[in-house]
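Student: Data file final_15.pdb (PDB, C-alpha atoms and all ligand atoms) is appended below.
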ATOM      1  CA  MET H   1       9.381   6.287  13.925
ATOM      2  CA  LEU H   2       8.370   5.676  10.336
ATOM      3  CA  PRO H   3       9.138   8.672   8.102
ATOM      4  CA  PHE H   4       5.712   8.751   6.524
ATOM      5  CA  LEU H   5       3.584   9.003   9.662
ATOM      6  CA  ARG H   6       1.806  12.165  10.751
ATOM      7  CA  MET H   7       0.467  12.109  14.330
ATOM      8  CA  GLY H   8       1.169   8.366  14.322
ATOM      9  CA  LYS H   9      -0.941   7.740  11.254
ATOM     10  CA  GLY H  10      -0.227   7.543   7.549
ATOM     11  CA  ILE H  11      -1.871   7.588   4.158
ATOM     12  CA  LEU H  12       0.298   6.461   1.290
ATOM     13  CA  LEU H  13      -0.617   6.850  -2.356
ATOM     14  CA  ALA H  14       0.319   3.671  -4.235
ATOM     15  CA  TYR H  15       1.194   3.851  -7.908
ATOM     16  CA  ASP H  16       2.943   0.664  -8.981
ATOM     17  CA  GLN H  17      -0.077  -0.831 -10.755
ATOM     18  CA  GLY H  18       1.356  -0.094 -14.204
ATOM     19  CA  LEU H  19       3.833  -2.915 -13.692
ATOM     20  CA  GLU H  20       1.528  -5.141 -11.663
ATOM     21  CA  HIS H  21      -1.603  -4.979 -13.818
ATOM     22  CA  GLY H  22      -0.687  -3.174 -17.041
ATOM     23  CA  PRO H  23      -1.770   0.314 -18.108
ATOM     24  CA  SER H  24      -4.851  -0.790 -20.046
ATOM     25  CA  LYS H  25      -6.447  -2.401 -16.994
ATOM     26  CA  ASP H  26      -6.111   0.382 -14.453
ATOM     27  CA  PHE H  27      -5.289   3.687 -16.136
ATOM     28  CA  ASN H  28      -7.155   6.232 -18.207
ATOM     29  CA  GLU H  29      -5.862   9.277 -20.080
ATOM     30  CA  LYS H  30      -5.292  11.131 -16.808
ATOM     31  CA  SER H  31      -4.039   8.441 -14.463
ATOM     32  CA  VAL H  32      -1.536   7.056 -16.955
ATOM     33  CA  ASP H  33       0.511  10.194 -16.273
ATOM     34  CA  PRO H  34       2.631   9.998 -13.087
ATOM     35  CA  ALA H  35       2.504  13.800 -12.843
ATOM     36  CA  TYR H  36      -1.269  13.556 -12.275
ATOM     37  CA  ILE H  37      -0.665  11.157  -9.374
ATOM     38  CA  LEU H  38       2.002  13.384  -7.802
ATOM     39  CA  ASP H  39      -0.380  16.303  -7.967
ATOM     40  CA  ILE H  40      -3.087  14.284  -6.158
ATOM     41  CA  ALA H  41      -0.553  13.131  -3.557
ATOM     42  CA  GLU H  42       0.569  16.681  -2.828
ATOM     43  CA  LYS H  43      -2.814  18.425  -2.914
ATOM     44  CA  GLY H  44      -4.456  15.495  -1.117
ATOM     45  CA  LYS H  45      -1.921  15.772   1.740
ATOM     46  CA  PHE H  46      -0.766  12.190   1.512
ATOM     47  CA  THR H  47       2.036  11.309   3.915
ATOM     48  CA  GLY H  48       3.978   9.430   1.262
ATOM     49  CA  ILE H  49       4.025   8.165  -2.291
ATOM     50  CA  ILE H  50       4.874   4.684  -3.552
ATOM     51  CA  PHE H  51       6.618   4.309  -6.921
ATOM     52  CA  GLN H  52       8.693   1.761  -8.744
ATOM     53  CA  LYS H  53      12.184   3.041  -9.442
ATOM     54  CA  GLY H  54      11.631   4.031 -13.074
ATOM     55  CA  VAL H  55       8.773   6.360 -12.229
ATOM     56  CA  ALA H  56      10.679   7.739  -9.248
ATOM     57  CA  GLU H  57      13.731   8.445 -11.408
ATOM     58  CA  LYS H  58      11.769  10.384 -14.000
ATOM     59  CA  TYR H  59       9.014  12.075 -11.991
ATOM     60  CA  TYR H  60       9.679  12.253  -8.244
ATOM     61  CA  ASP H  61       9.966  15.874  -7.166
ATOM     62  CA  GLY H  62      11.071  15.399  -3.561
ATOM     63  CA  LYS H  63       7.988  17.022  -2.048
ATOM     64  CA  LEU H  64       6.621  13.967  -0.202
ATOM     65  CA  PRO H  65       8.305  11.027   1.514
ATOM     66  CA  LEU H  66       9.056   8.391  -1.109
ATOM     67  CA  VAL H  67       8.641   4.637  -0.785
ATOM     68  CA  ILE H  68      10.229   2.600  -3.556
ATOM     69  CA  LYS H  69       8.838  -0.805  -4.314
ATOM     70  CA  VAL H  70      11.990  -2.839  -4.834
ATOM     71  CA  ASN H  71      10.348  -5.936  -6.265
ATOM     72  CA  GLY H  72       7.494  -6.542  -8.629
ATOM     73  CA  LYS H  73       5.993  -8.740 -11.298
ATOM     74  CA  THR H  74       3.613  -8.438 -14.198
ATOM     75  CA  SER H  75       0.222 -10.125 -14.481
ATOM     76  CA  LEU H  76       1.328 -12.078 -17.556
ATOM     77  CA  PRO H  77       2.926 -15.301 -16.233
ATOM     78  CA  LYS H  78       0.706 -18.205 -15.212
ATOM     79  CA  GLY H  79       1.391 -20.349 -12.179
ATOM     80  CA  GLU H  80       2.527 -19.662  -8.665
ATOM     81  CA  PRO H  81       3.263 -15.976  -8.045
ATOM     82  CA  VAL H  82       6.741 -14.655  -7.415
ATOM     83  CA  ALA H  83       7.949 -11.052  -7.477
ATOM     84  CA  SER H  84      11.659 -10.465  -7.956
ATOM     85  CA  GLN H  85      13.870  -7.648  -6.806
ATOM     86  CA  ILE H  86      14.297  -5.025  -9.516
ATOM     87  CA  CYS H  87      15.838  -2.181  -7.523
ATOM     88  CA  SER H  88      18.617  -2.274  -4.948
ATOM     89  CA  VAL H  89      18.152  -0.673  -1.554
ATOM     90  CA  LYS H  90      21.160   1.528  -2.302
ATOM     91  CA  GLN H  91      19.551   2.812  -5.482
ATOM     92  CA  ALA H  92      16.245   3.394  -3.678
ATOM     93  CA  LYS H  93      18.082   5.529  -1.136
ATOM     94  CA  ALA H  94      19.906   7.421  -3.881
ATOM     95  CA  LEU H  95      16.547   8.197  -5.496
ATOM     96  CA  GLY H  96      15.399   9.764  -2.238
ATOM     97  CA  ALA H  97      13.417   6.909  -0.690
ATOM     98  CA  LYS H  98      12.753   6.923   3.031
ATOM     99  CA  ALA H  99      11.465   3.365   2.916
ATOM    100  CA  VAL H 100      11.495   0.361   0.644
ATOM    101  CA  GLY H 101       8.479  -1.798  -0.126
ATOM    102  CA  TYR H 102       8.588  -5.482  -0.951
ATOM    103  CA  THR H 103       5.796  -7.931  -1.823
ATOM    104  CA  ILE H 104       5.788 -11.413  -0.340
ATOM    105  CA  TYR H 105       3.197 -13.813  -1.747
ATOM    106  CA  LEU H 106       2.716 -15.879   1.373
ATOM    107  CA  GLY H 107       1.656 -19.431   0.555
ATOM    108  CA  SER H 108       3.060 -19.344  -2.977
ATOM    109  CA  ALA H 109       5.281 -22.253  -3.970
ATOM    110  CA  HIS H 110       7.976 -19.565  -4.223
ATOM    111  CA  GLU H 111       7.432 -17.925  -0.832
ATOM    112  CA  ASN H 112      10.858 -19.158   0.327
ATOM    113  CA  LEU H 113      12.543 -17.009  -2.343
ATOM    114  CA  MET H 114      10.618 -13.917  -1.312
ATOM    115  CA  LEU H 115      11.052 -14.467   2.437
ATOM    116  CA  CYS H 116      14.775 -14.922   1.884
ATOM    117  CA  GLU H 117      15.088 -11.862  -0.373
ATOM    118  CA  PHE H 118      13.040  -9.734   2.010
ATOM    119  CA  GLY H 119      15.307 -10.771   4.891
ATOM    120  CA  ARG H 120      18.338  -9.454   3.040
ATOM    121  CA  ILE H 121      16.574  -6.303   1.870
ATOM    122  CA  GLN H 122      15.293  -5.503   5.363
ATOM    123  CA  GLN H 123      18.850  -5.775   6.712
ATOM    124  CA  GLU H 124      20.247  -3.530   3.966
ATOM    125  CA  ALA H 125      17.438  -1.028   4.480
ATOM    126  CA  HIS H 126      18.068  -0.763   8.205
ATOM    127  CA  GLU H 127      21.818  -0.426   7.658
ATOM    128  CA  LEU H 128      21.123   2.522   5.342
ATOM    129  CA  GLY H 129      18.527   4.090   7.656
ATOM    130  CA  LEU H 130      15.465   3.187   5.591
ATOM    131  CA  ALA H 131      12.287   1.531   6.815
ATOM    132  CA  ALA H 132      11.125  -1.761   5.293
ATOM    133  CA  ILE H 133       7.461  -2.253   4.442
ATOM    134  CA  ALA H 134       6.188  -5.691   3.498
ATOM    135  CA  TRP H 135       3.190  -6.049   1.230
ATOM    136  CA  ILE H 136       2.081  -9.467   2.469
ATOM    137  CA  TYR H 137      -0.416 -10.982   0.103
ATOM    138  CA  PRO H 138      -1.333 -14.636   0.664
ATOM    139  CA  ARG H 139      -1.694 -16.065  -2.830
ATOM    140  CA  GLY H 140      -1.304 -19.211  -4.924
ATOM    141  CA  GLU H 141      -2.819 -22.701  -5.101
ATOM    142  CA  ALA H 142      -2.466 -23.244  -1.358
ATOM    143  CA  VAL H 143      -4.504 -20.155  -0.463
ATOM    144  CA  ALA H 144      -8.250 -20.615  -0.806
ATOM    145  CA  ASN H 145      -9.319 -17.184   0.452
ATOM    146  CA  ASP H 146      -6.785 -14.372   0.715
ATOM    147  CA  THR H 147      -9.000 -12.215   2.949
ATOM    148  CA  ALA H 148     -10.038 -14.919   5.436
ATOM    149  CA  PRO H 149      -9.330 -13.516   8.919
ATOM    150  CA  GLU H 150      -6.905 -16.279   9.896
ATOM    151  CA  ILE H 151      -4.885 -15.926   6.708
ATOM    152  CA  VAL H 152      -4.691 -12.119   6.991
ATOM    153  CA  ALA H 153      -3.580 -12.470  10.624
ATOM    154  CA  TYR H 154      -0.982 -14.994   9.469
ATOM    155  CA  ALA H 155       0.263 -12.474   6.905
ATOM    156  CA  ALA H 156       0.506  -9.769   9.557
ATOM    157  CA  ARG H 157       2.436 -12.027  11.910
ATOM    158  CA  ALA H 158       4.745 -13.266   9.181
ATOM    159  CA  GLY H 159       5.589  -9.623   8.458
ATOM    160  CA  LEU H 160       6.466  -8.932  12.082
ATOM    161  CA  GLU H 161       8.620 -12.029  12.337
ATOM    162  CA  ALA H 162      10.344 -11.356   9.012
ATOM    163  CA  GLY H 163      11.382  -7.934  10.289
ATOM    164  CA  ALA H 164       8.955  -5.560   8.578
ATOM    165  CA  ASP H 165       8.551  -2.126  10.147
ATOM    166  CA  ALA H 166       5.105  -2.002   8.602
ATOM    167  CA  VAL H 167       2.897  -4.539   6.877
ATOM    168  CA  LYS H 168       0.450  -3.793   4.123
ATOM    169  CA  ILE H 169      -2.370  -6.302   4.280
ATOM    170  CA  LYS H 170      -5.830  -6.776   2.812
ATOM    171  CA  TYR H 171      -8.940  -5.990   4.830
ATOM    172  CA  THR H 172     -10.746  -8.991   6.318
ATOM    173  CA  GLY H 173     -14.219  -7.563   5.815
ATOM    174  CA  ASP H 174     -14.964  -6.548   9.393
ATOM    175  CA  SER H 175     -13.291  -4.568  12.118
ATOM    176  CA  ASP H 176     -13.347  -7.289  14.793
ATOM    177  CA  SER H 177     -11.463  -9.835  12.744
ATOM    178  CA  PHE H 178      -9.056  -7.179  11.451
ATOM    179  CA  ARG H 179      -8.261  -6.307  15.085
ATOM    180  CA  TRP H 180      -6.739  -9.763  15.520
ATOM    181  CA  ALA H 181      -4.544  -9.183  12.477
ATOM    182  CA  VAL H 182      -3.370  -5.888  13.985
ATOM    183  CA  ARG H 183      -2.687  -7.652  17.321
ATOM    184  CA  SER H 184      -0.767 -10.329  15.448
ATOM    185  CA  ALA H 185       1.423  -7.715  13.763
ATOM    186  CA  GLY H 186       2.625  -6.573  17.203
ATOM    187  CA  ALA H 187       4.967  -3.601  16.921
ATOM    188  CA  ALA H 188       4.916  -3.713  13.122
ATOM    189  CA  ARG H 189       2.584  -0.977  11.898
ATOM    190  CA  VAL H 190      -0.413  -2.109   9.891
ATOM    191  CA  PHE H 191      -1.530  -0.432   6.695
ATOM    192  CA  MET H 192      -4.715  -1.561   4.998
ATOM    193  CA  SER H 193      -4.294  -2.225   1.296
ATOM    194  CA  GLY H 194      -6.815  -0.369  -0.859
ATOM    195  CA  GLY H 195      -7.806  -2.948  -3.473
ATOM    196  CA  PRO H 196      -9.855  -2.495  -6.649
ATOM    197  CA  LYS H 197     -12.190   0.480  -6.789
ATOM    198  CA  ALA H 198     -15.106  -0.164  -4.419
ATOM    199  CA  PRO H 199     -18.677   0.075  -5.779
ATOM    200  CA  THR H 200     -19.481   3.124  -3.631
ATOM    201  CA  ASP H 201     -17.585   5.720  -1.596
ATOM    202  CA  GLU H 202     -19.460   4.595   1.480
ATOM    203  CA  ALA H 203     -18.370   0.975   0.979
ATOM    204  CA  PHE H 204     -14.708   1.936   0.762
ATOM    205  CA  LEU H 205     -14.808   4.412   3.647
ATOM    206  CA  THR H 206     -16.530   1.778   5.804
ATOM    207  CA  GLN H 207     -13.591  -0.573   5.213
ATOM    208  CA  VAL H 208     -11.104   2.142   6.099
ATOM    209  CA  LYS H 209     -13.020   3.082   9.232
ATOM    210  CA  GLY H 210     -13.128  -0.594  10.257
ATOM    211  CA  ALA H 211      -9.370  -0.922   9.800
ATOM    212  CA  ILE H 212      -8.590   2.268  11.748
ATOM    213  CA  ASP H 213     -10.968   1.293  14.566
ATOM    214  CA  ALA H 214      -9.146  -2.038  14.713
ATOM    215  CA  GLY H 215      -5.855  -0.243  15.352
ATOM    216  CA  ALA H 216      -4.365   0.103  11.874
ATOM    217  CA  SER H 217      -1.900   2.950  11.404
ATOM    218  CA  GLY H 218      -3.377   3.918   8.090
ATOM    219  CA  LEU H 219      -3.881   3.075   4.500
ATOM    220  CA  ALA H 220      -1.838   2.464   1.376
ATOM    221  CA  VAL H 221      -4.233   3.118  -1.437
ATOM    222  CA  GLY H 222      -4.114   3.581  -5.176
ATOM    223  CA  ARG H 223      -7.109   2.839  -7.351
ATOM    224  CA  ASN H 224      -9.779   3.990  -4.893
ATOM    225  CA  VAL H 225      -8.205   7.440  -5.037
ATOM    226  CA  TRP H 226      -6.750   8.043  -8.489
ATOM    227  CA  GLN H 227      -9.550   6.209 -10.319
ATOM    228  CA  HIS H 228     -12.052   8.379  -8.446
ATOM    229  CA  GLU H 229     -13.621  11.176 -10.469
ATOM    230  CA  ARG H 230     -12.961  13.493  -7.508
ATOM    231  CA  PRO H 231      -9.722  12.162  -6.012
ATOM    232  CA  LEU H 232      -9.117  15.157  -3.740
ATOM    233  CA  LYS H 233     -12.561  14.781  -2.184
ATOM    234  CA  MET H 234     -11.817  11.112  -1.530
ATOM    235  CA  ALA H 235      -8.461  12.112  -0.024
ATOM    236  CA  ALA H 236     -10.215  14.614   2.249
ATOM    237  CA  ALA H 237     -12.748  11.972   3.323
ATOM    238  CA  LEU H 238      -9.945   9.513   4.102
ATOM    239  CA  ARG H 239      -8.104  12.135   6.178
ATOM    240  CA  GLU H 240     -11.278  12.704   8.215
ATOM    241  CA  ILE H 241     -11.322   9.055   9.235
ATOM    242  CA  ILE H 242      -7.592   8.434   9.563
ATOM    243  CA  PHE H 243      -6.377  11.634  11.231
ATOM    244  CA  ASN H 244      -9.509  13.096  12.779
ATOM    245  CA  GLY H 245     -11.174   9.873  13.958
ATOM    246  CA  GLN H 246     -14.417  10.857  12.273
ATOM    247  CA  SER H 247     -17.315   8.612  11.272
ATOM    248  CA  VAL H 248     -18.052   7.383   7.761
ATOM    249  CA  GLU H 249     -21.015   9.778   7.644
ATOM    250  CA  ALA H 250     -18.808  12.741   8.542
ATOM    251  CA  ALA H 251     -16.250  11.663   5.948
ATOM    252  CA  LEU H 252     -18.956  11.394   3.289
ATOM    253  CA  GLY H 253     -19.762  15.022   4.066
ATOM    254  CA  LYS H 254     -16.473  15.921   2.369
ATOM    255  CA  PHE H 255     -18.056  15.067  -0.979
ATOM    256  CA  ALA H 256     -20.606  17.870  -0.611
ATOM    257  CA  PRO H 257     -20.080  20.485  -3.298
TER     258      PRO H 257
HETATM  259  P1  LIG H 301      -4.544  -0.459  -4.727
HETATM  260  O1  LIG H 301      -5.024   0.426  -3.603
HETATM  261  O2  LIG H 301      -4.798   0.139  -6.068
HETATM  262  O3  LIG H 301      -5.076  -1.866  -4.557
HETATM  263  O4  LIG H 301      -2.959  -0.532  -4.570
HETATM  264  C1  LIG H 301      -2.364  -1.325  -3.571
HETATM  265  C2  LIG H 301      -1.467  -2.368  -4.203
HETATM  266  O5  LIG H 301      -0.819  -3.144  -3.221
HETATM  267  C3  LIG H 301      -0.434  -1.801  -5.143
HETATM  268  O6  LIG H 301       0.703  -1.379  -4.456
HETATM  269  C4  LIG H 301      -0.222  -2.932  -6.071
HETATM  270  O7  LIG H 301       0.143  -2.543  -7.351
HETATM  271  C5  LIG H 301      -1.553  -3.575  -6.143
HETATM  272  O8  LIG H 301      -2.250  -3.257  -4.977
HETATM  273  C6  LIG H 301      -1.449  -5.078  -6.281
HETATM  274  O9  LIG H 301      -2.702  -5.570  -6.583
HETATM  275  P2  LIG H 301      -3.028  -7.095  -6.627
HETATM  276  O10 LIG H 301      -3.813  -7.400  -5.394
HETATM  277  O11 LIG H 301      -3.839  -7.265  -7.873
HETATM  278  O12 LIG H 301      -1.729  -7.859  -6.682
END
Show how you would write the structure in this file as structure tokens.
Ligand code: FBP
Tutor:
Amino acid sequence: MLPFLRMGKGILLAYDQGLEHGPSKDFNEKSVDPAYILDIAEKGKFTGIIFQKGVAEKYYDGKLPLVIKVNGKTSLPKGEPVASQICSVKQAKALGAKAVGYTIYLGSAHENLMLCEFGRIQQEAHELGLAAIAWIYPRGEAVANDTAPEIVAYAARAGLEAGADAVKIKYTGDSDSFRWAVRSAGAARVFMSGGPKAPTDEAFLTQVKGAIDAGASGLAVGRNVWQHERPLKMAAALREIIFNGQSVEAALGKFAP
């Protein structure tokens, strides 16, 4: 059983974009403050929070299950993507993590490094009683379309075979094709990755509904929540779909004043 599931489902608040994208791209005066994010996570009844180790060390208050991203990269280098380990599994556990997260850029010229590192990290995590979540993002010259159904299913399957307890993958655009990705992940739980802020609430909730209907265990989301002007309303709408099996229309009702 993954530590961040509630009734078999989960909603994780992701906040590692400061390293991945830089503060000027994603944050404003409010969201640049990790305390603002923790407040949303707690009041929005998220089942877990995802931090890099530095933020966890300085801000984590122990109230929600913690996932520490143990690798990362910035958006500055050119060329084939690679994210290196920057936190040990032992340190993640000492900081209170119940799971570690690791990004593998499948298809990158450096995928061998990340597959190898993830293999070691997964083993260490299991030895220490932590779950291992793989962010599997097909990316690099060899990948023409990172949300094509066959490539997302490949990512899901690679996660299962590499030993991930859960995979975090991008949505394919429709529920039917995402169902094949979920099938391909087998016993590894599938979490849909949020992505950049969607143009409308309805557009984002439709993606989430499609993923849940396809058998996903939940969502790991950042920008679509903490960039929202009413993040707790968005959290409530997401809970309607994920935990209560409600329709997009019912979830949109949560935005009523
Ligand atoms: P979002 O919901 O904001 O997309 O967060 C999910 C996430 O996987 C983060 O954990 C990570 O920082 C980011 O997306 C990576 O984004 P990109 O696709 O640009 O690499």
Student: Would you compute the distance between atom CA of Gly54 of chain H and atom CA of Tyr102 of chain H? Give it in Å to one decimal.
Tutor: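 If I compute the distance from atom CA of Gly54 of chain H to atom CA of Tyr102 of chain H, I get 15.7 Å.
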Student: Taking all atoms listed in the file and a cut-off of 6 Å, can you tell me which residues surround ligand LIG 301 (chain H), written as a list in words?
Tutor: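 Answer in the requested format: Ala14, Asp16, Gln17, Glu20, Ser193, Gly194, Gly195, Pro196, Val221, Gly222 and Arg223 of chain H.
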Student: Evaluate the PyMOL selection byres (((chain H and resi 26) around 12) and not hetatm) on the structure here and hand back the selected residues as a PyMOL selection string.
Tutor: chain H and resi 15-25+27-33+195-197+222-228
Student: Show me, as a VMD selection string, the residues that have an atom within 7 Å of segment 65-80 of chain H when counting only C-alpha atoms, minus same-chain residues fewer than 3 positions from it.
Tutor: chain H and resid 4 19 to 21 47 to 53 83 to 88 92 96 to 103 108 to 109 140
Student: So what do you get for atom CA of Pro3 of chain H versus atom CA of Lys233 of chain H, distance-wise?
Tutor: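 Separating atom CA of Pro3 of chain H from atom CA of Lys233 of chain H is a distance of 24.8 Å.
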Student: Kindly give the distance, in Å, that separates atom CA of Lys170 of chain H and atom CA of Ala211 of chain H, rounded to a single decimal.
Tutor: 9.8 Å
